[in-house]
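**Q** To start, I am sharing the structure in question, which I have written as structure tokens.
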Amino acid sequence: MKRRILLVEDNARLAGMLQTFLESLGHEVRSLADAEGALLLLGQERIDLLVLDLKLGAMNGVELLQRVRRNPELKELPVIIMTGVFRGEGYARAAAKLGVKAYLEKPFGKEAFLEAVKGVLAPPPVKRELFSMLLDLYHSGKSGVLQLGGGTRVVLLAGEPASFSSPRFVPFLVAEGHLLRSDLEKYPLSRPGKLPLCEAGLLSYDELQEQSRLFLSRILIEAVLQNQPPQFLPDLGAIEPPLTPLCLPRLLHQAAKQGSDRFAAGSFLEKAAPLYPLRTQQYYRLANLLGLGPDEIGMLEQLGQGKKVREIFVPGGTARQAWFLDFLVRMGMVNLALEPEEDLDTGFPQKMLFNRPIEEVVEVEVQAMSFDDLVDEVSDSIDLAVGDTGMAAPLSASEIDFEQEVQRDYAAIQNKNYYEIFGLTQGNFSFASLKDSYFSKTRQYSPEKFMQLSGDTLSRAQDVLSHYANAYNTLSSVIAKERYDEMLNANVIGLAGRQDDALQARIQFQSGKVFLEMEDYNNAERALQDAYTLDAQDSQTSAYLAWSIYKNPANHGSQVALEKCRMLLSKSLQMGRSAEAFAFRGWMLLDEGRDGLAEGEFQKALKLNPQEQHALGGMRLIRERREAEKKGLFKRIFG
């Protein structure tokens with residue numbers, strides 16, 4: 001369809017190229033070099049699309065855009081921005097608030113420009129709320145592509161966001177400090193997509209996945225808040241790696257929370273106050289997928305008690321609770337009825353609700369193992385290690401096949417500490433000898449030989465390599481080695497036997513605490529994440545991992561990281577009340593300016609441990625703030 005396009009660009013060469021290109025697509029193009037003329041033309045002629053450079057003459061593009069949006073007749077005019085000066089995700093977000101459909105940073109390619117023009121001029125789909133569409137796609141489990149503004153495509157697999165392609169991703173990385181523009185110029189990408197960033201060594205694969213997930217979450221929340229007209233195509237097409245799946249119910253909850261300040265609580269309450277909220281089956285199906293705070297869970301616990309909406313709300317909290325109840329209704333988790341009724345049954349067995357135990361877990365009594373049982377277990381292990389056929393005498397290396405080597409190595413690592421596995425001691429240890437021994441032992445475990453193994457022998461080969469890797473990683477890290485030596489010298493139970501995940505978890509946990517004391521938050525997070533991966537049921541590990549993520553400057557401003565911290569602290573307190581977890585949660589509340597709630601958490605921490613340093617520091621800061629407020633008040637009263 002032929003459209004009328006106004007191109008405002010003061011670079012004559014670029015303007016001529018773009019005009020020729022747009023006209024070749026069948027559009028009618030008016031080209032101007034100044035904002036004043038553009039404003040005059042927009043008031044006289046019907047224009048379907050404004051393509052605007054931000055750096056112009058007397059009146060710049062930003063001012064022109066503001067004047068366009070103040071004109072009621074031009075308020076909905078589609079706009080594509082081109083700029084070589086105002087770079088970064090922050091500018092793109094600000095422009096999006098002024099209704100800009102695409103934000104292109106110079107230099108941009110022909111394909112990016114074409115995709116932006118097509119995306120803006122595409123026939124408007126049937127008007128539908130994006131929130132509802134995403135929820136329907138989630139419940140139906142459909143796969144396909146969601147087209148968003150600015151040429152962004154989001155791939156949905158079984159109803160959940162799983163990947164994307166967007167010209168805004170690289171500017172986002174630059175704005176967030178994960179990429180340098182100079183590096184992009186020095187190491188140009190070999191092909192389109194996200195993986196070439198890793199191929200060029202500009203990002204690690206883990207960083208790419210983390211930032212991709214953060215970007216995907218951000219653009220979807222932004223689209224929901226702007227209620228961008230949704231366009232869903234059931235054909236998947238090409239999927240750009242890496243996959244970065246998101247939990248859609250949790251994402252919709254974050255979007256609703258960010259948009260709560262725009263929610264019309266008064267009109268909602270007027271309609272809902274006399275009604276009874278009833279829980280549906282969706283309430284139970286989605287409960288463990290949402291990252292809810294204590295206030296929200298406290299409100300949910302009052303549902304189903306025959307109370308009206310007006311009876312559930314606490315004084316002063318109506319606006320916040322109103323949008324949350326509206327969110328539950330939109331998600332299909334709660335129905336508002338005229339009469340009190342019984343809640344619907346879950347329809348399926350459920351151990352946890354909102355990731356909290358529904359009832360106390362019955363502790364299983366562990367039977368003591370007799371000496372005879374222990375002998376039987378050890379003898380079985382020896383049989384498996386040595387093999388079905390006994391060895392009358394030690395064999396030379398040339399007489400042992402690979403399966404026998406595996407059995408021999410498996411038997412050799414039993415009852416040895418990490419030094420002994422490599423033929424070393426604490427006294428003669430050196431990194432060079434560790435490295436030589438490690439590579440000497442692992443060299444024989446080639447992929448070709450692994451392919452020959454099966455069954456128990458393959459399992460033992462994997463165990464052997466896992467032991468070698470754990471031992472090498474521990475001894476090659478200065479901090480981890482120090483923690484291991486402390487445990488070894490203290491004769492910690494378990495060090496004399498086979499090394500296992502619990503030992504590794506303890507080493508990584510102690511290392512993480514040392515890194516925290518050194519304020520090396522990157523290594524602290526990495527070590528504590530390793531400890532958590534090995535032992536996710538340790539409450540202290542969960543608490544300290546949350547604190548390392550929260551303190552790591554690399555995570556500042558990340559809503560995903562903040563939600564993870566809250567989840568880990570809640571999990572820690574569910575598994576066992578610790579002073580540290582209460583203190584860490586107190587500091588998070590304190591940083592949010594919620595001093596009253598923070599003080600309550602610090603008091604809980606000090607009740608468990610009167611010497612907890614984080615809690616003492618938090619209480620000291622609260623007292624200082626209150627003293628400062630008092631002095632300020634006295635000064636205002638008495639001059």
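Every chain in the structure tokens has a letter given in the order shown (A, B, ...), and although residue numbers restart at 1 in each chain, ligands are simply numbered from 1 in the order shown.
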Leaving out region 532-547 of chain A and any residue of its chain fewer than 4 positions from it, which residues lie within 9 Å of it when counting only C-alpha atoms, given as a PDB file with C-alpha atoms, in the first residue's frame?
**A**
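Contents of the output file result.pdb:
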```
ATOM      1  CA  ASP A 501      29.448 -32.658  46.526  1.00  0.00           C
ATOM      2  CA  ALA A 502      28.809 -31.728  50.160  1.00  0.00           C
ATOM      3  CA  GLN A 504      32.827 -29.065  47.548  1.00  0.00           C
ATOM      4  CA  ALA A 505      29.814 -27.043  48.646  1.00  0.00           C
ATOM      5  CA  ARG A 506      31.457 -26.269  51.993  1.00  0.00           C
ATOM      6  CA  GLN A 508      32.962 -22.952  47.842  1.00  0.00           C
ATOM      7  CA  PHE A 509      30.784 -21.483  50.608  1.00  0.00           C
ATOM      8  CA  GLY A 512      32.560 -17.051  48.864  1.00  0.00           C
ATOM      9  CA  LYS A 513      32.499 -15.589  52.387  1.00  0.00           C
ATOM     10  CA  LEU A 516      32.693 -11.028  50.329  1.00  0.00           C
ATOM     11  CA  ALA A 524      31.969 -14.156  45.730  1.00  0.00           C
ATOM     12  CA  GLU A 525      28.852 -14.607  43.600  1.00  0.00           C
ATOM     13  CA  ARG A 526      30.590 -17.215  41.441  1.00  0.00           C
ATOM     14  CA  ALA A 527      31.820 -19.278  44.423  1.00  0.00           C
ATOM     15  CA  LEU A 528      28.511 -19.089  46.286  1.00  0.00           C
ATOM     16  CA  LYS A 551      26.141  -6.338  46.479  1.00  0.00           C
ATOM     17  CA  ASN A 552      27.637  -7.087  43.043  1.00  0.00           C
ATOM     18  CA  ALA A 561      18.725 -10.080  40.022  1.00  0.00           C
ATOM     19  CA  LEU A 562      16.639  -8.328  42.692  1.00  0.00           C
ATOM     20  CA  LYS A 564      16.417 -13.689  42.647  1.00  0.00           C
ATOM     21  CA  CYS A 565      17.800 -12.161  45.869  1.00  0.00           C
ATOM     22  CA  ARG A 566      14.327 -11.998  47.407  1.00  0.00           C
ATOM     23  CA  MET A 567      13.578 -15.576  46.389  1.00  0.00           C
ATOM     24  CA  LEU A 568      16.849 -16.860  47.876  1.00  0.00           C
ATOM     25  CA  LEU A 569      16.318 -15.039  51.179  1.00  0.00           C
ATOM     26  CA  SER A 570      12.745 -16.305  51.447  1.00  0.00           C
ATOM     27  CA  LYS A 571      13.975 -19.822  50.749  1.00  0.00           C
ATOM     28  CA  SER A 572      16.737 -19.451  53.340  1.00  0.00           C
ATOM     29  CA  LEU A 573      14.272 -18.381  56.043  1.00  0.00           C
ATOM     30  CA  GLN A 574      11.907 -21.210  55.142  1.00  0.00           C
ATOM     31  CA  MET A 575      14.696 -23.765  55.598  1.00  0.00           C
ATOM     32  CA  GLY A 576      16.009 -22.296  58.852  1.00  0.00           C
ATOM     33  CA  ARG A 577      15.762 -18.893  60.535  1.00  0.00           C
ATOM     34  CA  SER A 578      19.228 -17.320  60.464  1.00  0.00           C
ATOM     35  CA  GLU A 580      22.272 -13.311  58.446  1.00  0.00           C
ATOM     36  CA  ALA A 581      19.200 -13.822  56.234  1.00  0.00           C
ATOM     37  CA  PHE A 582      17.117 -11.405  58.347  1.00  0.00           C
ATOM     38  CA  PHE A 584      20.451  -9.102  54.533  1.00  0.00           C
ATOM     39  CA  ARG A 585      16.727  -8.650  53.948  1.00  0.00           C
TER      40      ARG A 585
END
```
**Q** Any idea what's packed within 12 Å of Cys247 (chain A), counting only C-alpha atoms, ignoring anything in its chain fewer than 4 positions away? Could you give it as a list in words?
**A**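 What passes the distance filter is Leu134, Leu135, Tyr138, Leu156, Leu157, Ala158, Gly159, Glu160, Pro161, Ala162, Arg213, Leu216, Ser217, Leu220, Leu251, Leu252, His253, Gln254, Leu286, Asn288, Leu289, Leu290, Gly291 and Val560 of chain A.
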**Q** List every residue of region 113-196 of chain A that DSSP, applied to the backbone, labels as strand (DSSP E or B), and write the result as an MDAnalysis selection string.
**A** chainID A and resid 144:148 152:157 160:165
**Q** Between A:Gly149, A:Gly16, A:Gly88, A:Gly427, which residue has the minimum interatomic distance to Gly177 (chain A), considering only C-alpha atoms?
**A**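 Ranking A:Gly149, A:Gly16, A:Gly88, A:Gly427 by distance to Gly177 (chain A), first place goes to A:Gly88.
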**Q** Hey, can you check how far CA of Leu42 (chain A) sits from CA of Leu6 (chain A)?
**A**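 Computed distance, CA of Leu42 (chain A) to CA of Leu6 (chain A), equals 8.5 Å.
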**Q** Just the alpha helix (DSSP H) stuff from region 25-204 of chain A, please, per backbone DSSP, written as a PyMOL selection string.
**A** chain A and resi 35-44+61-70+89-97+110-121+130-140+169-175+181-186+195-199
**Q** Give me the residues within 10 Å of Gly600 (chain A) as a compact mmCIF listing (two decimals) with N, CA, C and O atoms, in the first residue's frame, counting only C-alpha atoms and dropping any in the same chain fewer than 2 places off.
**A**
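Contents of result.txt, as written:
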```
# COMPACT_ATOMS: atom_id res chain seq x y z
N PHE A 582 17.93 -12.54 57.91
CA PHE A 582 17.12 -11.41 58.35
C PHE A 582 17.87 -10.09 58.14
O PHE A 582 17.29 -9.09 57.70
N ALA A 583 19.17 -10.10 58.44
CA ALA A 583 19.96 -8.87 58.30
C ALA A 583 20.07 -8.45 56.84
O ALA A 583 19.94 -7.27 56.50
N GLY A 586 16.94 -7.01 55.73
CA GLY A 586 16.81 -5.68 56.32
C GLY A 586 17.52 -4.61 55.50
O GLY A 586 16.99 -3.52 55.28
N ASP A 595 12.46 2.14 56.18
CA ASP A 595 13.22 1.99 57.42
C ASP A 595 12.47 1.20 58.49
O ASP A 595 13.08 0.42 59.24
N GLY A 596 11.15 1.39 58.58
CA GLY A 596 10.38 0.68 59.61
C GLY A 596 10.44 -0.83 59.44
O GLY A 596 10.69 -1.57 60.39
N LEU A 597 10.22 -1.30 58.19
CA LEU A 597 10.29 -2.73 57.93
C LEU A 597 11.72 -3.25 58.11
O LEU A 597 11.93 -4.36 58.61
N ALA A 598 12.70 -2.44 57.68
CA ALA A 598 14.10 -2.85 57.82
C ALA A 598 14.46 -3.04 59.30
O ALA A 598 15.12 -4.01 59.67
N PHE A 602 16.11 -6.29 61.22
CA PHE A 602 17.35 -6.23 62.01
C PHE A 602 17.11 -6.72 63.44
O PHE A 602 17.95 -7.41 64.03
N GLN A 603 15.96 -6.38 64.01
CA GLN A 603 15.65 -6.83 65.37
C GLN A 603 15.51 -8.35 65.43
O GLN A 603 15.93 -8.99 66.40
N LYS A 604 14.91 -8.94 64.38
CA LYS A 604 14.82 -10.41 64.32
C LYS A 604 16.22 -11.02 64.28
O LYS A 604 16.49 -12.04 64.91
N ALA A 605 17.11 -10.39 63.49
CA ALA A 605 18.48 -10.90 63.38
C ALA A 605 19.20 -10.83 64.73
O ALA A 605 19.86 -11.79 65.15
N MET A 619 21.03 -1.01 62.18
CA MET A 619 20.37 -0.29 63.27
C MET A 619 21.07 1.04 63.55
O MET A 619 20.42 2.05 63.83
```
**Q** Here is a test: counting only C-alpha atoms, which residue of A:Asp53, A:Asp136, A:Glu36, A:Glu23 is nearest to Val85 (chain A)?
**A** A:Asp53
**Q** Considering only C-alpha atoms, state which residue in the set A:Ser24, A:Ala33, A:Arg4, A:Ala480 is at the smallest distance from Leu50 (chain A).
**A**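 Looking only at the distances to Leu50 (chain A), the closest residue turns out to be A:Arg4.
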**Q** Measuring between only C-alpha atoms, which one of A:Leu325, A:Ala461, A:Ala337, A:Ala287 shows the shortest distance to Gln350 (chain A)?
**A**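 Using only C-alpha atoms, Gln350 (chain A) sits closest to A:Ala287.
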